[in-house]
Amino acid sequence: MTGKGDGTRVVHAGLPAPVPGQPFLPGPVLAAPYHLDPVDGPAENGYGRPDNPTRRALEAAIGELEGGTVRAFASGQAAITALLLSVLRSGDTVAVPSDGYFTVRAFAEGALRDLGVKTVLVPTAGPYPSFEGVRLVLLETPANPGLDVCDVRAVSAAAHAAGALVAVDNTTATPLGQRPLELGADLVVASGTKALTGHSDVLLGYVATQDEALIERVTTWRAQTGGIPGGFDCWLAHRSLATLDLRLARQSANAAAVAELLSGRADVTGLRWPGLASDASYEVARSQMRRIPGIVSFDLGSAERVARFLTTSELVFAATSFGGLHTTADRRAQWGDDTPPGFVRLSCGIEDTADVIADLTAALDGA
């Protein structure tokens with residue numbers, strides 16, 4: 001689907017060639033063993049852990065969007081730990097975002113440290129240290145939950161000059177928001193649980209790369225450790241992928257309206273949305289992102305005020321995760337993020353923009 005628009009690409013991504021009498025998207029294959037040839041053994045499918053046609057179709061679909069070969073995992077965390085553990089060895093050093101997903105930092109400073117891997121914490125917005133002696137530079141841009149953005153091209157060039165690999169967590173942006181492999185990254189990792197599938201009913205992760213040796217290592221790691229998504233989850237994810245363009249368009253429009261509302265309120269501080277011209281990451285985001293995600297972060301000053309805000313709102317569900325159909329928000333400090341007690345990550349859903357703005361105004365006034 002080269003040269004086609006985003007809406008066309010996501011609707012057709014990973015579909016088989018049309019066959020009269022067959023569905024557009026084949027149903028899920030739910031199998032552990034498959035029939036083997038009595039003489040020659042396995043052909044395309046041998047056993048459900050390494051082989052599943054529904055999973056392969058989903059991987060082909062995401063691969064078309066990311067521009068690389070994809071391996072799907074049971075969750076975003078399964079994908080990123082697979083990437084780290086298949087690439088890094090004892091004595092290596094990995095650079096990890098200091099303001100990215102906190103569970104990744106915990107894994108790096110716990111399990112990886114115990115395996116002899118050194119961690120260097122780097123803010124997404126920089127400044128960046130020398131990458132001499134670093135094996136892997138992991139970026140998360142926009143960062144979750146603070147929404148800082150880094151220049152993927154510049155960081156990739158500096159890392160490669162020092163002999164390091166670069167992986168980009170593309171969860172927040174999705175492949176319709178940015179394509180890190182085109183910006184110079186070696187690998188992409190993401191949670192498909194969020195906006196990619198967007199219906200709050202699937203846990204999914206993936207790794208993408210154009211490097212055959214790297215994808216072979218990731219594939220071997222997955223086959224030997226077993227962190228695979230089930231056939232039905234893969235089918236749900238592929239089905240949901242078709243509406244990604246439409247969902248992102250509404251979420252981004254809602255986020256723009258929410259950011260404009262919050263920017264005019266004296267009782268809201270620390271507002272971040274990379275689509276705002278006044279945002280610190282605006283220029284970098286505009287240069288490398290094709291669309292800005294529907295996530296806005298801000299500070300209401302205290303945990304108590306956040307609780308009143310969430311209790312008063314009729315439309316904003318109190319929930320973690322982001323990128324779903326429903327507008328949700330959570331106070332990130334309760335999960336372990338290094339954020340102020342009143343810091344809120346709000347994920348815009350696909351509700352009517354006017355209704356979201358009216359509800360947020362009433363909830364903030366009431367809080």
# chains A, B, ... in the order shown; residues from 1 in each chain; ligands from 1
$ closest_atom_pairs --of "range 223-319 of chain A" --to "range 349-355 of chain A" --cutoff "6 Å" --atoms "only C-alpha atoms" --output "Markdown table"
| residue | atom | partner | partner_atom | distance |
| --- | --- | --- | --- | --- |
| A:Arg250 | CA | A:Ile350 | CA | 5.4 |
| A:Gln251 | CA | A:Gly349 | CA | 5.4 |
| A:Asn254 | CA | A:Thr353 | CA | 5.4 |
$ residues_around --residues "Ala307 in chain A" --least-positions-apart "4" --cutoff "10 Å" --atoms "only C-alpha atoms" --output "ChimeraX atom specification"
/A:300,302-303,311-312,318,330-331,342,367
$ write_last_selection --atoms "all heavy atoms" --output "short mmCIF file (atom, residue, chain, number, x, y, z; two decimals), in the first residue's frame"
data_model
loop_
_atom_site.label_atom_id
_atom_site.label_comp_id
_atom_site.auth_asym_id
_atom_site.auth_seq_id
_atom_site.Cartn_x
_atom_site.Cartn_y
_atom_site.Cartn_z
N LEU A 300 -2.64 19.42 39.09
CA LEU A 300 -3.74 20.05 39.84
C LEU A 300 -3.34 20.41 41.26
O LEU A 300 -4.19 20.83 42.05
CB LEU A 300 -4.97 19.14 39.86
CG LEU A 300 -5.64 18.91 38.50
CD1 LEU A 300 -6.89 18.05 38.65
CD2 LEU A 300 -5.99 20.23 37.82
N SER A 302 -2.48 18.84 44.05
CA SER A 302 -2.52 17.92 45.19
C SER A 302 -3.28 16.66 44.81
O SER A 302 -4.11 16.67 43.88
CB SER A 302 -3.21 18.56 46.40
OG SER A 302 -4.59 18.75 46.16
N ALA A 303 -3.01 15.59 45.55
CA ALA A 303 -3.73 14.34 45.33
C ALA A 303 -5.21 14.51 45.62
O ALA A 303 -6.07 13.92 44.94
CB ALA A 303 -3.13 13.24 46.21
N THR A 311 -13.73 12.42 40.64
CA THR A 311 -15.03 12.07 41.20
C THR A 311 -16.13 12.92 40.60
O THR A 311 -17.25 12.44 40.34
CB THR A 311 -15.02 12.24 42.73
OG1 THR A 311 -13.99 11.41 43.29
CG2 THR A 311 -16.35 11.86 43.34
N THR A 312 -15.83 14.19 40.33
CA THR A 312 -16.83 15.12 39.80
C THR A 312 -17.12 14.88 38.33
O THR A 312 -18.25 15.05 37.87
CB THR A 312 -16.34 16.57 40.00
OG1 THR A 312 -16.08 16.79 41.39
CG2 THR A 312 -17.39 17.57 39.52
N ALA A 318 -11.55 7.13 35.76
CA ALA A 318 -10.31 6.98 36.50
C ALA A 318 -9.73 5.61 36.15
O ALA A 318 -10.28 4.57 36.54
CB ALA A 318 -10.55 7.10 37.99
N ASP A 330 -5.36 9.43 35.23
CA ASP A 330 -4.89 8.88 36.49
C ASP A 330 -3.79 9.76 37.06
O ASP A 330 -3.14 10.51 36.34
CB ASP A 330 -4.44 7.42 36.36
CG ASP A 330 -3.25 7.23 35.44
OD1 ASP A 330 -2.94 8.14 34.67
OD2 ASP A 330 -2.62 6.16 35.50
N ARG A 331 -3.64 9.64 38.35
CA ARG A 331 -2.60 10.38 39.08
C ARG A 331 -1.38 9.49 39.09
O ARG A 331 -1.33 8.47 39.76
CB ARG A 331 -3.09 10.70 40.50
CG ARG A 331 -2.22 11.67 41.27
CD ARG A 331 -2.84 12.01 42.62
NE ARG A 331 -2.88 10.84 43.50
CZ ARG A 331 -1.86 10.42 44.24
NH1 ARG A 331 -0.72 11.07 44.20
NH2 ARG A 331 -1.98 9.36 45.01
N GLY A 342 0.07 15.92 42.48
CA GLY A 342 -1.10 16.35 41.74
C GLY A 342 -0.98 16.18 40.23
O GLY A 342 -1.84 16.65 39.47
N ALA A 367 -13.86 20.87 41.37
CA ALA A 367 -12.74 20.40 42.20
C ALA A 367 -12.04 21.53 42.94
O ALA A 367 -11.15 21.30 43.75
CB ALA A 367 -11.73 19.66 41.33
#
$ select_by_dssp --residues "range 199-265 of chain A" --states "helix (DSSP H, G or I)" --output "number ranges by chain"
A: 212-225, 231-241, 244-263
$ closest_residue --among "A:Leu261, A:Leu84, A:Leu58, A:Leu241" --to "Leu214 in chain A" --atoms "only C-alpha atoms"
A:Leu84
$ atom_distance --atom1 "CA of Ser98 in chain A" --atom2 "CA of Val122 in chain A"
5.1 Å
$ select_by_dssp --residues "range 13-204 of chain A" --states "strand (DSSP E or B)" --output "ChimeraX atom specification"
/A:33,37,41,47,69-73,93-97,118-122,136-140,165-169,187-191
$ closest_residue --among "A:Leu147, A:Leu204, A:Leu165, A:Leu121" --to "Ile295 in chain A" --atoms "only C-alpha atoms"
A:Leu147
$ residues_around --residues "Ala319 in chain A" --least-positions-apart "2" --cutoff "9 Å" --atoms "only C-alpha atoms" --output "list in words"
Val316, Phe317, Ser321, Phe322, Thr328, Ala329 and Asp330 of chain A
$ atom_distance --atom1 "CA of Gly163 in chain A" --atom2 "CA of Phe131 in chain A"
8.0 Å
$ atom_distance --atom1 "CA of Asp337 in chain A" --atom2 "CA of Ala257 in chain A"
26.2 Å
$ closest_residue --among "A:Ser297, A:Thr197, A:Thr269, A:Ser281" --to "Val10 in chain A" --atoms "only C-alpha atoms"
A:Thr197
$ closest_residue --among "A:Thr220, A:Thr172, A:Ser130, A:Ser347" --to "Ala255 in chain A" --atoms "only C-alpha atoms"
A:Ser347
$ residues_around --residues "Ser86 in chain A" --least-positions-apart "5" --cutoff "8 Å" --atoms "only C-alpha atoms" --output "list in words"
Arg217, Val218 and Trp221 of chain A
$ closest_residue --among "A:Ile292, A:Ala159, A:Glu44, A:Leu65" --to "Thr8 in chain A" --atoms "only C-alpha atoms"
A:Leu65
$ closest_residue --among "A:Gly366, A:Gly146, A:Pro26, A:Gly126" --to "Trp273 in chain A" --atoms "only C-alpha atoms"
A:Gly146
$ residues_around --residues "Val207 in chain A" --least-positions-apart "3" --cutoff "6 Å" --atoms "only C-alpha atoms" --output "PyMOL selection string"
chain A and resi 70-71+188-189
$ write_last_selection --atoms "N, CA, C and O atoms" --output "PDB file, in the first residue's frame"
ATOM      1  N   VAL A  70       8.225  -7.499  12.071  1.00  0.00           N
ATOM      2  CA  VAL A  70       7.648  -7.383  13.415  1.00  0.00           C
ATOM      3  C   VAL A  70       7.530  -8.745  14.071  1.00  0.00           C
ATOM      4  O   VAL A  70       7.213  -9.748  13.413  1.00  0.00           O
ATOM      5  N   ARG A  71       7.770  -8.767  15.376  1.00  0.00           N
ATOM      6  CA  ARG A  71       7.443  -9.911  16.204  1.00  0.00           C
ATOM      7  C   ARG A  71       6.540  -9.431  17.338  1.00  0.00           C
ATOM      8  O   ARG A  71       6.893  -8.495  18.069  1.00  0.00           O
ATOM      9  N   VAL A 188      12.290  -0.695  16.879  1.00  0.00           N
ATOM     10  CA  VAL A 188      11.116  -0.075  17.489  1.00  0.00           C
ATOM     11  C   VAL A 188      10.514  -1.086  18.441  1.00  0.00           C
ATOM     12  O   VAL A 188      10.455  -2.282  18.141  1.00  0.00           O
ATOM     13  N   VAL A 189      10.102  -0.609  19.596  1.00  0.00           N
ATOM     14  CA  VAL A 189       9.377  -1.450  20.539  1.00  0.00           C
ATOM     15  C   VAL A 189       8.147  -0.669  20.973  1.00  0.00           C
ATOM     16  O   VAL A 189       8.176   0.573  21.029  1.00  0.00           O
TER      17      VAL A 189
END
$ residues_around --residues "Asn45 in chain A" --least-positions-apart "5" --cutoff "9 Å" --atoms "only C-alpha atoms" --output "short mmCIF file (atom, residue, chain, number, x, y, z; two decimals) with N, CA and C atoms, in the first residue's frame"
data_model
loop_
_atom_site.label_atom_id
_atom_site.label_comp_id
_atom_site.auth_asym_id
_atom_site.auth_seq_id
_atom_site.Cartn_x
_atom_site.Cartn_y
_atom_site.Cartn_z
N PRO A 33 -1.13 -27.73 18.86
CA PRO A 33 -0.46 -28.52 17.82
C PRO A 33 -1.17 -28.38 16.48
N TYR A 34 -0.45 -28.68 15.41
CA TYR A 34 -1.00 -28.75 14.06
C TYR A 34 -0.67 -30.13 13.49
N HIS A 35 -1.42 -30.54 12.48
CA HIS A 35 -1.08 -31.78 11.80
C HIS A 35 0.30 -31.65 11.15
N LEU A 36 1.11 -32.65 11.33
CA LEU A 36 2.42 -32.71 10.70
C LEU A 36 2.38 -33.69 9.53
N PRO A 50 5.82 -21.14 18.46
CA PRO A 50 6.52 -20.37 17.42
C PRO A 50 5.67 -20.06 16.19
N ASP A 51 4.57 -20.81 15.99
CA ASP A 51 3.82 -20.71 14.73
C ASP A 51 2.34 -20.44 14.97
N ASN A 52 1.84 -19.35 14.39
CA ASN A 52 0.40 -19.10 14.40
C ASN A 52 0.07 -18.16 13.24
N PRO A 53 -0.79 -18.57 12.32
CA PRO A 53 -1.07 -17.74 11.14
C PRO A 53 -1.78 -16.43 11.49
#
$ residues_around --residues "Ala57 in chain A" --least-positions-apart "4" --cutoff "10 Å" --atoms "only C-alpha atoms" --output "PyMOL selection string"
chain A and resi 13-16+25-26+52-53+61-63+234-235+238
$ closest_atom_pairs --of "range 229-289 of chain A" --to "range 46-49 of chain A" --cutoff "12 Å" --atoms "only C-alpha atoms" --output "CSV"
residue,atom,partner,partner_atom,distance
A:Pro229,CA,A:Arg49,CA,9.2
A:Gly230,CA,A:Gly48,CA,9.0
A:Gly231,CA,A:Gly48,CA,9.0
